[in-house]
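Working notes, structure below.
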2 protein chains.
Amino acid sequence: MVAMASDATNSRPALQSRVVLQQCLSARLMIQPASEGKEAEYIERGMVVYVCYLQGSAEEIISEIASSILNARLSETDTGRLVSILDLHGDILIIPQATLGGNLKCKGMQYHRNSDKEDGLKNCIISVLHCWKEQFKIRLQSAIKTSVKYGTYGNRLVFSMETNGQYTRYLEF
Amino acid sequence: MVAMASDATNSRPALQSRVVLQQCLSARLMIQPASEGKEAEYIERGMVVYVCYLQGSAEEIISEIASSILNARLSETDTGRLVSILDLHGDILIIPQATLGGNLKCKGMQYHRNSDKEDGLKNCIISVLHCWKEQFKIRLQSAIKTSVKYGTYGNRLVFSMETNGQYTRYLEF
């Protein structure tokens, strides 16, 4: 094994959340069974955000995640420039994804660090509220047309997606 | 912030690869421009594997990744049981994904740790070979029908996917 000399070991703060981002042209989520009166969510060009909160994740982290995904330059314009999802006026679909919190042990995934279901649900709702809040703050300055949709926690989420170039990103908080 | 007492800091070996896995009913990849005579890849029920190799990733890691994704119980049967992709007789689509290696710094992604393009390409080809080898080893014992497809490195990969329940997983090697 060829190790990276300066990075062979490092210490890091406790992981609070894992996030996977994918750019899309459209994405559709069917919620089974329907929950909170929701059966399906659909977004057009924008970003799919898979998020898993781990035990001990603080509300500040949720606000930081919302701010990062809204403001980071991860979305491609028609001319190939990278801009934020707000500047793209793209949509956002937040998918609670408990499986993201797992670690592979032997042949199975272990989820010892995941938030319990109630906390996970609460944090996902807070994420969406933070996205709206952040967006509303910016909307005062210009005509932002981003819409935020979200899946529910603990339901089966039947998902389909179209892209115009596959960009998957991973963030840790 | 509520820190996890026993896990507030830890040391870990140098990261060699990031992998994101998604279960699918079907997935289609259009390679633009066509490369190595390939224009598109299509899989039916199985697993999409997004993989990024970082600097210094060793061939043993590539073999370990191939073995993990083939043997871990991550695929759901019709009755809801989790089995390996080999036991499901599911397909595999490997998508080289350089963007997975980035770290968010201010508003942009930095890719200091990614393999260079040539190494990335070589490692992706080796991954596919390891999957085939592993599969072939097992095929001698039973009639495995998994097929392995893959995207190319450095091309635009126009992607679409259908699922019957969204399960995104993240693995580090």
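Residues are referred to by chain and number: the chain letter is A, B, ... according to the order shown in the structure tokens, the number counts from 1 in that chain, and ligands are numbered separately from 1 in the order shown.
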Set the cut-off to 8 Å and count only C-alpha atoms: what are the residues of chain B that reach chain A? Output as a ChimeraX atom specification. /B:1-4,7-14,50,55-58,60,68,71-74,97,99-104,106-109,156-171
Stretch 60-139 of chain B: which residues are strand (DSSP E) by DSSP, as a ChimeraX atom specification? /B:73-76,82-84,91-96,103-105,108-110
Would you mind writing down, as a PyMOL selection string, each residue of stretch 16-131 of chain B that DSSP on the backbone assigns to alpha helix (DSSP H)? chain B and resi 59-71+85-88+117-131
Keeping only N, CA, C and O atoms, write the selected residues as a compact mmCIF listing (two decimals), in the first residue's frame.
# COMPACT_ATOMS: atom_id res chain seq x y z
N GLU B 59 -3.55 -1.50 -5.56
CA GLU B 59 -4.36 -2.51 -6.25
C GLU B 59 -5.09 -3.43 -5.27
O GLU B 59 -6.19 -3.90 -5.57
N GLU B 60 -4.51 -3.62 -4.07
CA GLU B 60 -5.21 -4.48 -3.09
C GLU B 60 -6.55 -3.85 -2.70
O GLU B 60 -7.52 -4.55 -2.41
N ILE B 61 -6.58 -2.50 -2.65
CA ILE B 61 -7.83 -1.81 -2.28
C ILE B 61 -8.87 -2.04 -3.37
O ILE B 61 -10.05 -2.25 -3.09
N ILE B 62 -8.44 -2.00 -4.60
CA ILE B 62 -9.38 -2.17 -5.72
C ILE B 62 -10.01 -3.56 -5.64
O ILE B 62 -11.21 -3.73 -5.81
N SER B 63 -9.17 -4.53 -5.34
CA SER B 63 -9.66 -5.91 -5.20
C SER B 63 -10.62 -6.01 -4.01
O SER B 63 -11.66 -6.68 -4.08
N GLU B 64 -10.29 -5.30 -2.91
CA GLU B 64 -11.14 -5.33 -1.72
C GLU B 64 -12.51 -4.69 -2.01
O GLU B 64 -13.55 -5.18 -1.57
N ILE B 65 -12.49 -3.58 -2.78
CA ILE B 65 -13.75 -2.92 -3.13
C ILE B 65 -14.62 -3.86 -3.97
O ILE B 65 -15.82 -4.03 -3.70
N ALA B 66 -14.01 -4.48 -4.97
CA ALA B 66 -14.76 -5.39 -5.84
C ALA B 66 -15.38 -6.51 -5.01
O ALA B 66 -16.57 -6.84 -5.16
N SER B 67 -14.59 -7.07 -4.11
CA SER B 67 -15.08 -8.17 -3.29
C SER B 67 -16.22 -7.69 -2.38
O SER B 67 -17.25 -8.37 -2.22
N SER B 68 -16.06 -6.48 -1.80
CA SER B 68 -17.09 -5.95 -0.90
C SER B 68 -18.41 -5.74 -1.62
O SER B 68 -19.47 -6.14 -1.12
N ILE B 69 -18.36 -5.07 -2.77
CA ILE B 69 -19.63 -4.75 -3.43
C ILE B 69 -20.31 -6.01 -3.97
O ILE B 69 -21.53 -6.06 -4.08
N LEU B 70 -19.52 -7.02 -4.29
CA LEU B 70 -20.13 -8.25 -4.80
C LEU B 70 -20.72 -9.11 -3.69
O LEU B 70 -21.70 -9.82 -3.90
N ASN B 71 -20.11 -9.05 -2.51
CA ASN B 71 -20.49 -10.00 -1.46
C ASN B 71 -21.31 -9.42 -0.31
O ASN B 71 -21.91 -10.16 0.45
N ILE B 85 -25.38 -8.93 -4.21
CA ILE B 85 -25.77 -8.71 -5.62
C ILE B 85 -25.56 -10.01 -6.43
O ILE B 85 -26.31 -10.29 -7.37
N LEU B 86 -24.61 -10.83 -6.01
CA LEU B 86 -24.40 -12.12 -6.68
C LEU B 86 -25.58 -13.04 -6.43
O LEU B 86 -26.08 -13.69 -7.36
N ASP B 87 -26.05 -13.07 -5.16
CA ASP B 87 -27.19 -13.94 -4.84
C ASP B 87 -28.48 -13.43 -5.48
O ASP B 87 -29.38 -14.21 -5.77
N LEU B 88 -28.57 -12.11 -5.69
CA LEU B 88 -29.75 -11.55 -6.36
C LEU B 88 -29.70 -11.85 -7.86
O LEU B 88 -30.71 -11.77 -8.54
N LYS B 117 -5.68 11.63 -14.04
CA LYS B 117 -6.65 11.03 -14.96
C LYS B 117 -6.22 9.62 -15.41
O LYS B 117 -7.02 8.70 -15.44
N GLU B 118 -4.92 9.49 -15.69
CA GLU B 118 -4.42 8.21 -16.21
C GLU B 118 -4.55 7.09 -15.16
O GLU B 118 -5.02 6.00 -15.45
N ASP B 119 -4.15 7.42 -13.91
CA ASP B 119 -4.28 6.44 -12.82
C ASP B 119 -5.75 6.10 -12.55
O ASP B 119 -6.09 4.95 -12.29
N GLY B 120 -6.61 7.13 -12.59
CA GLY B 120 -8.04 6.93 -12.36
C GLY B 120 -8.61 5.95 -13.37
O GLY B 120 -9.35 5.03 -13.03
N LEU B 121 -8.25 6.18 -14.61
CA LEU B 121 -8.72 5.33 -15.71
C LEU B 121 -8.24 3.89 -15.51
O LEU B 121 -9.01 2.92 -15.58
N LYS B 122 -6.96 3.76 -15.21
CA LYS B 122 -6.35 2.43 -15.02
C LYS B 122 -7.07 1.71 -13.86
O LYS B 122 -7.45 0.55 -13.99
N ASN B 123 -7.27 2.43 -12.75
CA ASN B 123 -7.88 1.80 -11.58
C ASN B 123 -9.32 1.37 -11.84
O ASN B 123 -9.78 0.36 -11.32
N CYS B 124 -10.03 2.17 -12.64
CA CYS B 124 -11.42 1.79 -12.96
C CYS B 124 -11.46 0.52 -13.80
O CYS B 124 -12.30 -0.35 -13.59
N ILE B 125 -10.53 0.43 -14.74
CA ILE B 125 -10.48 -0.79 -15.56
C ILE B 125 -10.12 -1.99 -14.69
O ILE B 125 -10.73 -3.06 -14.79
N ILE B 126 -9.17 -1.77 -13.77
CA ILE B 126 -8.79 -2.87 -12.87
C ILE B 126 -9.99 -3.29 -12.01
O ILE B 126 -10.21 -4.48 -11.76
N SER B 127 -10.80 -2.30 -11.55
CA SER B 127 -12.00 -2.63 -10.73
C SER B 127 -12.90 -3.59 -11.47
O SER B 127 -13.43 -4.55 -10.88
N VAL B 128 -13.13 -3.27 -12.73
CA VAL B 128 -14.04 -4.09 -13.52
C VAL B 128 -13.46 -5.50 -13.68
O VAL B 128 -14.17 -6.50 -13.51
N LEU B 129 -12.16 -5.55 -13.93
CA LEU B 129 -11.52 -6.86 -14.07
C LEU B 129 -11.63 -7.67 -12.78
O LEU B 129 -11.91 -8.86 -12.81
N HIS B 130 -11.44 -6.99 -11.64
CA HIS B 130 -11.55 -7.69 -10.36
C HIS B 130 -12.98 -8.21 -10.15
O HIS B 130 -13.17 -9.30 -9.62
N CYS B 131 -13.97 -7.41 -10.55
CA CYS B 131 -15.37 -7.86 -10.42
C CYS B 131 -15.59 -9.12 -11.25
O CYS B 131 -16.21 -10.07 -10.80
I'd like the interatomic distance between atom CA of B:Ala40 and atom CA of A:Leu93, to a tenth of an Å. 27.0 Å
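Here atom CA of A:Pro33 stands at a distance of 20.4 Å from atom CA of A:Asp116.
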Work out how far atom CA of A:Glu39 is from atom CA of A:Tyr53, in Å to one decimal. 23.5 Å
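Using only C-alpha atoms, the residues found no farther than 9 Å from A:Ser147, other than those of its own chain fewer than 6 positions away, are Ile43, His89, Gly90, Asp91, Ile92, Leu93 and Trp132 of chain A.
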Atoms kept (N, CA, C and O atoms) for selection, written as an mmCIF file, in the first residue's frame:
data_model
loop_
_atom_site.group_PDB
_atom_site.id
_atom_site.type_symbol
_atom_site.label_atom_id
_atom_site.label_comp_id
_atom_site.auth_asym_id
_atom_site.auth_seq_id
_atom_site.Cartn_x
_atom_site.Cartn_y
_atom_site.Cartn_z
ATOM 1 N N ILE A 43 -39.164 17.204 -9.090
ATOM 2 C CA ILE A 43 -38.413 18.442 -9.338
ATOM 3 C C ILE A 43 -37.895 18.437 -10.767
ATOM 4 O O ILE A 43 -37.726 17.377 -11.381
ATOM 5 N N HIS A 89 -31.158 28.924 -10.271
ATOM 6 C CA HIS A 89 -32.618 28.884 -10.067
ATOM 7 C C HIS A 89 -33.111 27.441 -10.209
ATOM 8 O O HIS A 89 -34.164 27.179 -10.796
ATOM 9 N N GLY A 90 -32.315 26.528 -9.665
ATOM 10 C CA GLY A 90 -32.643 25.110 -9.775
ATOM 11 C C GLY A 90 -33.490 24.637 -8.602
ATOM 12 O O GLY A 90 -33.598 25.316 -7.580
ATOM 13 N N ASP A 91 -34.083 23.487 -8.748
ATOM 14 C CA ASP A 91 -34.899 22.902 -7.683
ATOM 15 C C ASP A 91 -34.036 22.028 -6.767
ATOM 16 O O ASP A 91 -32.943 21.600 -7.144
ATOM 17 N N ILE A 92 -34.573 21.741 -5.604
ATOM 18 C CA ILE A 92 -33.877 20.878 -4.637
ATOM 19 C C ILE A 92 -34.842 19.811 -4.140
ATOM 20 O O ILE A 92 -35.977 20.125 -3.775
ATOM 21 N N LEU A 93 -34.378 18.560 -4.145
ATOM 22 C CA LEU A 93 -35.160 17.464 -3.566
ATOM 23 C C LEU A 93 -34.344 16.850 -2.431
ATOM 24 O O LEU A 93 -33.263 16.294 -2.674
ATOM 25 N N TRP A 132 -35.488 26.817 3.282
ATOM 26 C CA TRP A 132 -36.474 27.838 2.944
ATOM 27 C C TRP A 132 -36.055 29.208 3.510
ATOM 28 O O TRP A 132 -36.186 30.227 2.841
#
